[in-house]
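Asker: Pasting target-v4.cif below, which is mmCIF, C-alpha atoms.
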data_structure
loop_
_atom_site.group_PDB
_atom_site.id
_atom_site.type_symbol
_atom_site.label_atom_id
_atom_site.label_comp_id
_atom_site.auth_asym_id
_atom_site.auth_seq_id
_atom_site.Cartn_x
_atom_site.Cartn_y
_atom_site.Cartn_z
ATOM 1 C CA MET Y 1 4.170 -14.217 21.951
ATOM 2 C CA GLN Y 2 2.374 -11.406 20.148
ATOM 3 C CA LYS Y 3 3.744 -7.923 20.822
ATOM 4 C CA VAL Y 4 1.573 -5.094 22.032
ATOM 5 C CA LEU Y 5 1.854 -2.310 19.444
ATOM 6 C CA TYR Y 6 1.511 1.341 20.378
ATOM 7 C CA LYS Y 7 0.124 4.404 18.663
ATOM 8 C CA TYR Y 8 1.635 7.571 20.146
ATOM 9 C CA ARG Y 9 -0.869 10.424 20.179
ATOM 10 C CA ALA Y 10 -1.362 13.988 21.376
ATOM 11 C CA ILE Y 11 -4.573 14.685 23.300
ATOM 12 C CA ASN Y 12 -7.039 16.157 20.809
ATOM 13 C CA GLU Y 13 -10.402 15.524 19.139
ATOM 14 C CA TYR Y 14 -8.874 13.104 16.633
ATOM 15 C CA THR Y 15 -7.424 10.998 19.430
ATOM 16 C CA GLU Y 16 -10.815 10.961 21.141
ATOM 17 C CA LYS Y 17 -12.354 9.550 17.928
ATOM 18 C CA ILE Y 18 -10.055 6.519 18.219
ATOM 19 C CA PHE Y 19 -12.114 5.473 21.254
ATOM 20 C CA SER Y 20 -15.560 6.625 20.115
ATOM 21 C CA ASP Y 21 -15.294 5.221 16.576
ATOM 22 C CA ASN Y 22 -12.817 2.373 17.198
ATOM 23 C CA GLU Y 23 -10.845 3.553 14.156
ATOM 24 C CA PHE Y 24 -7.316 4.549 13.216
ATOM 25 C CA TRP Y 25 -6.487 6.962 10.426
ATOM 26 C CA TYR Y 26 -4.242 5.572 7.675
ATOM 27 C CA SER Y 27 -2.295 8.518 6.228
ATOM 28 C CA LYS Y 28 -1.146 9.140 2.665
ATOM 29 C CA ILE Y 29 2.572 8.769 1.985
ATOM 30 C CA GLU Y 30 2.935 12.481 1.191
ATOM 31 C CA SER Y 31 1.787 13.465 4.689
ATOM 32 C CA LEU Y 32 4.426 11.389 6.519
ATOM 33 C CA ASN Y 33 7.501 13.071 7.979
ATOM 34 C CA ASP Y 34 10.135 11.076 6.071
ATOM 35 C CA PRO Y 35 10.720 12.502 2.561
ATOM 36 C CA ASN Y 36 12.093 9.122 1.436
ATOM 37 C CA GLU Y 37 8.859 7.228 2.110
ATOM 38 C CA GLY Y 38 7.718 5.008 -0.738
ATOM 39 C CA MET Y 39 10.842 5.454 -2.832
ATOM 40 C CA VAL Y 40 11.083 3.015 -5.721
ATOM 41 C CA ARG Y 41 13.951 2.622 -8.147
ATOM 42 C CA ARG Y 42 13.095 4.243 -11.465
ATOM 43 C CA VAL Y 43 12.596 1.790 -14.312
ATOM 44 C CA SER Y 44 15.278 2.361 -16.934
ATOM 45 C CA ALA Y 45 14.271 3.211 -20.501
ATOM 46 C CA GLN Y 46 15.684 -0.105 -21.720
ATOM 47 C CA LEU Y 47 13.804 -2.194 -19.150
ATOM 48 C CA ALA Y 48 10.614 -0.255 -19.835
ATOM 49 C CA GLU Y 49 10.950 -0.861 -23.573
ATOM 50 C CA GLU Y 50 11.583 -4.580 -23.054
ATOM 51 C CA PHE Y 51 8.632 -4.888 -20.675
ATOM 52 C CA ILE Y 52 6.267 -3.041 -23.023
ATOM 53 C CA ARG Y 53 7.308 -5.192 -25.983
ATOM 54 C CA LYS Y 54 6.925 -8.434 -24.023
ATOM 55 C CA THR Y 55 3.507 -7.370 -22.728
ATOM 56 C CA LYS Y 56 2.306 -6.530 -26.234
ATOM 57 C CA GLU Y 57 3.578 -9.898 -27.484
ATOM 58 C CA ASN Y 58 1.620 -11.632 -24.725
ATOM 59 C CA GLN Y 59 -1.502 -9.672 -25.664
ATOM 60 C CA LEU Y 60 -1.211 -10.721 -29.310
ATOM 61 C CA SER Y 61 -0.503 -14.324 -28.282
ATOM 62 C CA GLY Y 62 -3.709 -14.316 -26.245
ATOM 63 C CA PHE Y 63 -5.645 -12.915 -29.192
ATOM 64 C CA ILE Y 64 -4.257 -15.579 -31.547
ATOM 65 C CA PHE Y 65 -4.933 -18.340 -29.020
ATOM 66 C CA SER Y 66 -8.552 -17.210 -28.723
ATOM 67 C CA ARG Y 67 -8.812 -17.571 -32.510
ATOM 68 C CA VAL Y 68 -7.544 -21.157 -32.275
ATOM 69 C CA LEU Y 69 -10.002 -22.019 -29.489
ATOM 70 C CA ILE Y 70 -13.034 -20.956 -31.512
ATOM 71 C CA LYS Y 71 -11.744 -22.079 -34.907
ATOM 72 C CA ASP Y 72 -15.033 -23.622 -35.976
ATOM 73 C CA SER Y 73 -17.206 -20.878 -34.559
ATOM 74 C CA SER Y 74 -17.841 -17.253 -35.387
ATOM 75 C CA PHE Y 75 -14.872 -15.060 -34.506
ATOM 76 C CA PHE Y 76 -16.062 -11.618 -33.346
ATOM 77 C CA GLY Y 77 -19.034 -11.925 -35.697
ATOM 78 C CA LEU Y 78 -16.925 -12.368 -38.842
ATOM 79 C CA ASN Y 79 -18.110 -14.767 -41.528
ATOM 80 C CA LYS Y 80 -15.591 -17.009 -43.297
ATOM 81 C CA HIS Y 81 -14.933 -14.528 -46.098
ATOM 82 C CA GLU Y 82 -14.471 -11.623 -43.671
ATOM 83 C CA LEU Y 83 -12.220 -13.738 -41.481
ATOM 84 C CA ARG Y 84 -9.944 -14.710 -44.377
ATOM 85 C CA ASN Y 85 -9.725 -11.055 -45.384
ATOM 86 C CA PHE Y 86 -8.954 -10.076 -41.794
ATOM 87 C CA GLU Y 87 -6.134 -12.641 -41.527
ATOM 88 C CA LYS Y 88 -4.769 -11.499 -44.889
ATOM 89 C CA GLN Y 89 -4.650 -7.904 -43.661
ATOM 90 C CA ILE Y 90 -2.704 -8.973 -40.558
ATOM 91 C CA ARG Y 91 -0.125 -10.819 -42.679
ATOM 92 C CA SER Y 92 0.262 -7.757 -44.895
ATOM 93 C CA LYS Y 93 1.476 -5.654 -41.977
ATOM 94 C CA LYS Y 94 5.278 -5.827 -42.157
ATOM 95 C CA SER Y 95 6.227 -4.679 -38.640
ATOM 96 C CA PHE Y 96 5.198 -5.903 -35.212
ATOM 97 C CA ASP Y 97 3.893 -2.452 -34.232
ATOM 98 C CA LYS Y 98 1.686 -2.243 -37.320
ATOM 99 C CA LYS Y 99 0.245 -5.690 -36.606
ATOM 100 C CA TYR Y 100 -0.334 -4.729 -32.975
ATOM 101 C CA ASN Y 101 -2.052 -1.448 -33.828
ATOM 102 C CA PHE Y 102 -4.241 -3.112 -36.469
ATOM 103 C CA ILE Y 103 -5.447 -5.802 -34.054
ATOM 104 C CA ASN Y 104 -5.820 -3.266 -31.252
ATOM 105 C CA ASN Y 105 -8.074 -1.116 -33.437
ATOM 106 C CA PHE Y 106 -10.035 -4.229 -34.432
ATOM 107 C CA MET Y 107 -10.610 -5.009 -30.740
ATOM 108 C CA ARG Y 108 -11.816 -1.458 -30.155
ATOM 109 C CA GLU Y 109 -14.239 -1.718 -33.081
ATOM 110 C CA LYS Y 110 -15.641 -5.107 -32.053
ATOM 111 C CA THR Y 111 -15.671 -4.880 -28.262
ATOM 112 C CA GLY Y 112 -15.526 -1.168 -27.480
ATOM 113 C CA ARG Y 113 -12.229 -1.712 -25.619
ATOM 114 C CA ARG Y 114 -8.621 -1.668 -26.724
ATOM 115 C CA PHE Y 115 -5.865 -3.781 -25.188
ATOM 116 C CA SER Y 116 -4.720 -2.427 -21.853
ATOM 117 C CA ASN Y 117 -1.841 0.037 -22.114
ATOM 118 C CA PRO Y 118 1.441 -1.684 -21.091
ATOM 119 C CA GLU Y 119 2.968 1.678 -20.166
ATOM 120 C CA GLY Y 120 0.114 2.022 -17.686
ATOM 121 C CA PHE Y 121 1.501 -0.811 -15.594
ATOM 122 C CA ILE Y 122 4.752 1.051 -14.987
ATOM 123 C CA ASN Y 123 2.849 4.242 -14.191
ATOM 124 C CA SER Y 124 0.590 2.321 -11.813
ATOM 125 C CA ILE Y 125 3.510 1.589 -9.469
ATOM 126 C CA ASN Y 126 3.805 5.200 -8.335
ATOM 127 C CA GLU Y 127 0.046 5.676 -8.505
ATOM 128 C CA LYS Y 128 -0.414 2.765 -6.113
ATOM 129 C CA ILE Y 129 2.252 4.096 -3.738
ATOM 130 C CA ASN Y 130 0.772 7.600 -3.736
ATOM 131 C CA ASN Y 131 -2.712 6.305 -2.891
ATOM 132 C CA VAL Y 132 -1.930 3.892 -0.055
ATOM 133 C CA GLY Y 133 -2.716 4.557 3.596
ATOM 134 C CA ILE Y 134 -0.118 4.021 6.314
ATOM 135 C CA LEU Y 135 -0.721 3.444 10.024
ATOM 136 C CA SER Y 136 2.485 3.792 12.052
ATOM 137 C CA LEU Y 137 2.796 1.863 15.319
ATOM 138 C CA SER Y 138 5.747 0.940 17.535
ATOM 139 C CA ASP Y 139 6.524 -2.030 19.746
ATOM 140 C CA ASN Y 140 8.420 0.246 22.186
ATOM 141 C CA PRO Y 141 6.286 2.194 24.686
ATOM 142 C CA LEU Y 142 9.304 3.874 26.283
ATOM 143 C CA GLN Y 143 11.012 5.515 23.317
ATOM 144 C CA ASN Y 144 11.908 9.026 24.436
ATOM 145 C CA LEU Y 145 11.947 10.511 20.924
ATOM 146 C CA LEU Y 146 8.599 8.973 20.003
ATOM 147 C CA TRP Y 147 7.029 10.572 23.048
ATOM 148 C CA SER Y 148 8.619 13.860 22.063
ATOM 149 C CA HIS Y 149 7.731 13.785 18.358
ATOM 150 C CA TYR Y 150 4.306 12.140 18.280
ATOM 151 C CA ALA Y 151 2.791 12.594 21.745
ATOM 152 C CA GLU Y 152 3.163 16.344 22.150
ATOM 153 C CA SER Y 153 6.444 16.330 24.076
ATOM 154 C CA HIS Y 154 5.423 13.594 26.546
ATOM 155 C CA SER Y 155 2.056 15.217 27.365
ATOM 156 C CA GLY Y 156 -0.013 12.778 25.294
ATOM 157 C CA ILE Y 157 -0.716 9.045 25.426
ATOM 158 C CA ALA Y 158 0.245 5.758 23.787
ATOM 159 C CA VAL Y 159 -2.646 3.496 22.757
ATOM 160 C CA GLY Y 160 -1.694 -0.184 23.029
ATOM 161 C CA ILE Y 161 -3.197 -2.708 20.585
ATOM 162 C CA SER Y 162 -3.194 -6.470 21.057
ATOM 163 C CA GLY Y 163 -5.160 -9.452 19.763
ATOM 164 C CA TYR Y 164 -4.714 -8.363 16.144
ATOM 165 C CA SER Y 165 -4.601 -10.736 13.180
ATOM 166 C CA THR Y 166 -1.179 -11.942 12.094
ATOM 167 C CA ASP Y 167 -1.183 -10.030 8.791
ATOM 168 C CA ALA Y 168 -2.657 -6.771 10.128
ATOM 169 C CA TYR Y 169 0.624 -5.032 10.925
ATOM 170 C CA LYS Y 170 4.064 -5.698 9.471
ATOM 171 C CA LYS Y 171 7.492 -4.823 10.832
ATOM 172 C CA VAL Y 172 9.317 -2.049 8.996
ATOM 173 C CA ILE Y 173 12.554 -2.957 7.195
ATOM 174 C CA TYR Y 174 15.423 -0.599 8.024
ATOM 175 C CA ASN Y 175 17.725 -0.446 5.031
ATOM 176 C CA GLU Y 176 21.420 -0.081 5.904
ATOM 177 C CA THR Y 177 22.473 0.252 2.264
ATOM 178 C CA PRO Y 178 21.806 3.032 -0.264
ATOM 179 C CA ILE Y 179 20.020 0.549 -2.532
ATOM 180 C CA ILE Y 180 16.469 1.675 -3.312
ATOM 181 C CA PRO Y 181 13.872 -1.116 -3.648
ATOM 182 C CA GLU Y 182 12.513 -1.891 -7.100
ATOM 183 C CA VAL Y 183 9.658 -3.770 -8.742
ATOM 184 C CA ASP Y 184 10.705 -6.940 -10.552
ATOM 185 C CA LEU Y 185 9.290 -6.653 -14.074
ATOM 186 C CA GLU Y 186 9.900 -10.375 -14.629
ATOM 187 C CA ARG Y 187 7.935 -11.574 -11.585
ATOM 188 C CA PHE Y 188 5.068 -9.498 -10.280
ATOM 189 C CA ASN Y 189 1.439 -9.683 -9.216
ATOM 190 C CA SER Y 190 -0.949 -7.748 -11.429
ATOM 191 C CA ILE Y 191 -4.643 -7.090 -11.894
ATOM 192 C CA LEU Y 192 -6.667 -6.251 -14.985
ATOM 193 C CA LYS Y 193 -9.474 -3.770 -14.413
ATOM 194 C CA ILE Y 194 -12.182 -3.840 -17.062
ATOM 195 C CA TYR Y 195 -14.176 -0.675 -17.747
ATOM 196 C CA GLN Y 196 -16.870 0.046 -20.329
ATOM 197 C CA ASP Y 197 -14.509 1.535 -22.902
ATOM 198 C CA HIS Y 198 -11.050 0.385 -21.809
ATOM 199 C CA THR Y 199 -9.063 -2.007 -19.672
ATOM 200 C CA LYS Y 200 -6.321 -1.126 -17.208
ATOM 201 C CA PHE Y 201 -3.339 -3.333 -16.451
ATOM 202 C CA GLU Y 202 -1.730 -2.413 -13.133
ATOM 203 C CA ILE Y 203 0.400 -3.731 -10.316
ATOM 204 C CA ALA Y 204 -1.526 -5.543 -7.598
ATOM 205 C CA PHE Y 205 -1.606 -4.135 -4.090
ATOM 206 C CA ASN Y 206 -0.326 -7.456 -2.709
ATOM 207 C CA ASP Y 207 2.712 -7.554 -5.000
ATOM 208 C CA PRO Y 208 5.660 -8.591 -2.735
ATOM 209 C CA ALA Y 209 8.019 -5.949 -4.143
ATOM 210 C CA LEU Y 210 5.398 -3.216 -3.713
ATOM 211 C CA GLN Y 211 4.828 -4.283 -0.108
ATOM 212 C CA THR Y 212 8.591 -4.207 0.510
ATOM 213 C CA ILE Y 213 8.759 -0.662 -0.882
ATOM 214 C CA LEU Y 214 6.006 0.417 1.508
ATOM 215 C CA LEU Y 215 7.772 -1.182 4.472
ATOM 216 C CA THR Y 216 11.295 0.107 3.805
ATOM 217 C CA LYS Y 217 12.901 3.040 5.618
ATOM 218 C CA THR Y 218 16.494 4.141 5.999
ATOM 219 C CA VAL Y 219 18.378 2.937 9.041
ATOM 220 C CA GLU Y 220 18.374 6.276 10.891
ATOM 221 C CA TRP Y 221 14.679 5.658 11.621
ATOM 222 C CA ALA Y 222 15.347 2.335 13.346
ATOM 223 C CA TYR Y 223 14.887 3.886 16.802
ATOM 224 C CA GLU Y 224 11.138 4.004 16.076
ATOM 225 C CA SER Y 225 10.908 0.186 16.018
ATOM 226 C CA GLU Y 226 7.952 0.660 13.705
ATOM 227 C CA TRP Y 227 5.207 -1.682 12.602
ATOM 228 C CA ARG Y 228 2.829 -0.688 9.837
ATOM 229 C CA GLY Y 229 -0.741 -1.199 8.849
ATOM 230 C CA ILE Y 230 -1.039 -0.658 5.093
ATOM 231 C CA SER Y 231 -4.314 -0.067 3.271
ATOM 232 C CA GLU Y 232 -4.845 0.310 -0.472
ATOM 233 C CA THR Y 233 -6.244 3.808 0.066
ATOM 234 C CA ALA Y 234 -5.878 6.378 2.839
ATOM 235 C CA GLY Y 235 -8.716 6.917 5.300
ATOM 236 C CA ALA Y 236 -10.253 5.768 8.571
ATOM 237 C CA TYR Y 237 -10.362 2.012 9.199
ATOM 238 C CA SER Y 238 -11.671 -0.117 12.041
ATOM 239 C CA ILE Y 239 -8.939 -1.117 14.461
ATOM 240 C CA ASN Y 240 -7.663 -4.621 13.846
ATOM 241 C CA GLY Y 241 -7.247 -5.854 17.418
ATOM 242 C CA LEU Y 242 -8.295 -4.573 20.821
ATOM 243 C CA ILE Y 243 -7.300 -1.462 22.711
ATOM 244 C CA SER Y 244 -5.665 -3.225 25.634
ATOM 245 C CA GLU Y 245 -3.453 -0.499 27.158
ATOM 246 C CA ILE Y 246 -3.378 3.232 27.641
ATOM 247 C CA ILE Y 247 -0.062 4.731 28.678
ATOM 248 C CA PHE Y 248 -0.027 8.280 29.983
ATOM 249 C CA GLY Y 249 3.007 10.351 29.066
ATOM 250 C CA LEU Y 250 5.409 11.761 31.606
ATOM 251 C CA LYS Y 251 3.812 15.222 31.360
ATOM 252 C CA CYS Y 252 0.210 14.191 30.678
ATOM 253 C CA LYS Y 253 -2.112 16.438 32.682
ATOM 254 C CA GLU Y 254 -4.444 14.864 35.214
ATOM 255 C CA GLU Y 255 -7.478 16.429 33.549
ATOM 256 C CA HIS Y 256 -6.492 14.773 30.291
ATOM 257 C CA LYS Y 257 -6.035 11.435 32.012
ATOM 258 C CA GLN Y 258 -9.520 11.654 33.475
ATOM 259 C CA LYS Y 259 -10.959 12.591 30.080
ATOM 260 C CA ILE Y 260 -9.367 9.520 28.498
ATOM 261 C CA ILE Y 261 -10.613 7.296 31.322
ATOM 262 C CA SER Y 262 -14.141 8.662 30.809
ATOM 263 C CA LEU Y 263 -13.928 7.925 27.090
ATOM 264 C CA LEU Y 264 -12.827 4.357 27.819
ATOM 265 C CA LYS Y 265 -15.774 3.814 30.145
ATOM 266 C CA ALA Y 266 -18.264 5.434 27.759
ATOM 267 C CA ASN Y 267 -17.147 3.107 24.958
ATOM 268 C CA ASN Y 268 -16.841 -0.068 27.086
ATOM 269 C CA ILE Y 269 -13.090 -0.363 26.518
ATOM 270 C CA ASN Y 270 -11.378 -2.439 29.188
ATOM 271 C CA ALA Y 271 -7.755 -1.309 28.935
ATOM 272 C CA LYS Y 272 -4.915 -1.413 31.452
ATOM 273 C CA LEU Y 273 -3.791 2.057 32.538
ATOM 274 C CA LYS Y 274 -0.100 2.783 32.883
ATOM 275 C CA GLN Y 275 2.045 5.811 33.619
ATOM 276 C CA VAL Y 276 5.480 6.716 32.252
ATOM 277 C CA CYS Y 277 7.935 7.630 35.020
ATOM 278 C CA LYS Y 278 11.568 8.700 35.170
ATOM 279 C CA LYS Y 279 14.164 6.483 36.785
ATOM 280 C CA ASP Y 280 16.145 8.003 39.634
ATOM 281 C CA ASN Y 281 19.650 9.168 38.686
ATOM 282 C CA SER Y 282 19.078 8.016 35.110
ATOM 283 C CA TYR Y 283 17.975 9.205 31.689
ATOM 284 C CA GLY Y 284 15.780 6.119 31.461
ATOM 285 C CA LEU Y 285 12.012 5.748 31.662
ATOM 286 C CA PHE Y 286 9.859 3.013 33.175
ATOM 287 C CA LEU Y 287 6.182 2.132 33.413
ATOM 288 C CA LYS Y 288 4.029 1.679 36.457
ATOM 289 C CA GLU Y 289 0.353 0.978 36.935
ATOM 290 C CA TYR Y 290 -1.792 4.104 36.962
ATOM 291 C CA LYS Y 291 -4.127 4.272 39.930
#
Render the structure in this file as C-alpha cells.
Answerer:
Amino acid sequence: MQKVLYKYRAINEYTEKIFSDNEFWYSKIESLNDPNEGMVRRVSAQLAEEFIRKTKENQLSGFIFSRVLIKDSSFFGLNKHELRNFEKQIRSKKSFDKKYNFINNFMREKTGRRFSNPEGFINSINEKINNVGILSLSDNPLQNLLWSHYAESHSGIAVGISGYSTDAYKKVIYNETPIIPEVDLERFNSILKIYQDHTKFEIAFNDPALQTILLTKTVEWAYESEWRGISETAGAYSINGLISEIIFGLKCKEEHKQKIISLLKANNINAKLKQVCKKDNSYGLFLKEYK
C-alpha cells in the first residue's frame, strides 16, 4: 500500500502558494541543513588519468571507424590526394597525445567543434549535484523533531501527499558506514550535448550512482524517515500526487487553521483534516480528526 508522504511547513506566504499554485519548491543542495548533502568520493588522480586516456582512445576509435564507413566517399571534403596526405600526417605523429591533438584540431577546422573534453565529465559530477533540486518529505506525521525543526515548533502544518507516481519520490538511504558514495567510471550513464562550437560530455541525471549520492545521508538523520523528490534543477514544480491530508500541529493557532481551510476550499482541494494531540501521561503524540 502506498504511503502518504508529508511536507512539514510553517504557516507563511510560501506555504499558502503550495495550495494556490499546486507546487512544491525543490531546493538546491547548498540550502539544505545537512553539510554532508551530495558528498561524492573524490576521483583519484590515477583513476582520472586512466578515464581521460580511455575516453580519448574511444573518441579516436570512433573517428577511425567513421573513416572506414565512408571509405569510398568524400571524407570531410578531402579529395584522394588530400586524404592520403592527411593519413600520412597522422602516422608521422609519434605519440598518442600528438595524434589526438592533430585529429582534434582537424575536427575543429572541418566541423567547427572539437572532441568533447574528457575532463569535463569528471567536473560535471559536482556540477550536476550542485544544480539539482531536492524536495524533502517524510512518511512519519508524528515525528516530534520534524514538527520542531520544520513546522515552526509545532505551530505549523504537515501537508500529506498521496496518489503519486511510483518514481516521483524515493526513500533516502541512511549510511551506517563512513564510506562516501562514488561514481563508477567503468559503468555510468552519460549524455553528449552538442553546441554550435563545442560538444560537452557529462554524466546523465539518471545515472544510478549519481542518484544514490543524492539519496544518501548519514545514519543520525534516520529519525526523519525521509523520502525525496529530485529534479535536475532547483525551482518550483507541480505536485506529483494529490494533497490528501492536512495535519495541524500541536500549537497551530485556530486563526491559522481557518486560513488553511479557506485556502483548501478556494482551490477545490478535498483533503482530510487532522490534529496532532498529546497522549495522557506520555511523551507520545497521536492524531485525531479535526472538526
Asker: In Å, with one decimal, what is the gap from CA of Phe51 in chain Y to CA of Lys99 in chain Y?
Answerer: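 A separation of 18.0 Å between them.
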Asker: Written as a ChimeraX atom specification, which residues does the PyMOL selection byres ((chain Y and resi 117-132) around 8) give for the file shown?
Answerer: /Y:27-30,38,43,48,51-52,55-56,115-116,133-134,199-203,205,210,214,230-234
Asker: Which residues match the PyMOL selection byres ((chain Y and resi 247) around 12) in the file above, as an MDAnalysis selection string?
Answerer: chainID Y and resid 4:10 140:142 147 151 154:161 243:246 248:252 257 260:261 271:277 286:291
Asker: Could you dump the residues just selected with C-alpha atoms as a compact mmCIF listing (two decimals), in the frame of the given file?
Answerer:
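The result, stored in out.txt:
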# COMPACT_ATOMS: atom_id res chain seq x y z
CA VAL Y 4 1.57 -5.09 22.03
CA LEU Y 5 1.85 -2.31 19.44
CA TYR Y 6 1.51 1.34 20.38
CA LYS Y 7 0.12 4.40 18.66
CA TYR Y 8 1.64 7.57 20.15
CA ARG Y 9 -0.87 10.42 20.18
CA ALA Y 10 -1.36 13.99 21.38
CA ASN Y 140 8.42 0.25 22.19
CA PRO Y 141 6.29 2.19 24.69
CA LEU Y 142 9.30 3.87 26.28
CA TRP Y 147 7.03 10.57 23.05
CA ALA Y 151 2.79 12.59 21.74
CA HIS Y 154 5.42 13.59 26.55
CA SER Y 155 2.06 15.22 27.36
CA GLY Y 156 -0.01 12.78 25.29
CA ILE Y 157 -0.72 9.04 25.43
CA ALA Y 158 0.24 5.76 23.79
CA VAL Y 159 -2.65 3.50 22.76
CA GLY Y 160 -1.69 -0.18 23.03
CA ILE Y 161 -3.20 -2.71 20.58
CA ILE Y 243 -7.30 -1.46 22.71
CA SER Y 244 -5.66 -3.22 25.63
CA GLU Y 245 -3.45 -0.50 27.16
CA ILE Y 246 -3.38 3.23 27.64
CA PHE Y 248 -0.03 8.28 29.98
CA GLY Y 249 3.01 10.35 29.07
CA LEU Y 250 5.41 11.76 31.61
CA LYS Y 251 3.81 15.22 31.36
CA CYS Y 252 0.21 14.19 30.68
CA LYS Y 257 -6.04 11.44 32.01
CA ILE Y 260 -9.37 9.52 28.50
CA ILE Y 261 -10.61 7.30 31.32
CA ALA Y 271 -7.76 -1.31 28.94
CA LYS Y 272 -4.92 -1.41 31.45
CA LEU Y 273 -3.79 2.06 32.54
CA LYS Y 274 -0.10 2.78 32.88
CA GLN Y 275 2.04 5.81 33.62
CA VAL Y 276 5.48 6.72 32.25
CA CYS Y 277 7.94 7.63 35.02
CA PHE Y 286 9.86 3.01 33.17
CA LEU Y 287 6.18 2.13 33.41
CA LYS Y 288 4.03 1.68 36.46
CA GLU Y 289 0.35 0.98 36.94
CA TYR Y 290 -1.79 4.10 36.96
CA LYS Y 291 -4.13 4.27 39.93
Asker: Do a neighbour search on Leu264 in chain Y at 10 Å with all atoms listed in the file, toss out local chain neighbours closer than 5 positions, and write the hits as a list in words.
Answerer: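 Everything that qualifies: Glu16, Phe19, Ser20, Ile243, Ile246, Gln258, Lys259, Ile269, Asn270 and Ala271 of chain Y.
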Asker: Given the choices Y:Gln2, Y:Asn267, Y:Ser225, Y:Gln59, which gets closest to Gln143 in chain Y if the distance is worked out from all atoms listed in the file?
Answerer: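 When distances to Gln143 in chain Y are compared using all atoms listed in the file, the smallest one comes from Y:Ser225.
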Asker: Quick one, how far is CA of Glu50 in chain Y from CA of Phe106 in chain Y?
Answerer: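 It comes out at 24.4 Å.
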Asker: Residues near Val172 in chain Y, anyone? I mean within 6 Å using all atoms listed in the file, not counting same-chain ones fewer than 6 positions away, as a list in words.
Answerer: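 With the cut-off at 6 Å, the set is Leu215, Thr216, Glu226 and Trp227 of chain Y.
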Asker: Pick from Y:Glu186, Y:Ile173, Y:Glu87, Y:Val219: nearest to Leu47 in chain Y, with all atoms listed in the file counted?
Answerer: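 Of all the options, Y:Glu186 lies closest to Leu47 in chain Y.
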Asker: Between CA of Gln211 in chain Y and CA of Ile239 in chain Y, measure the distance and give it in Å to one decimal.
Answerer: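 Rounded to one decimal, the two atoms are 20.3 Å apart.
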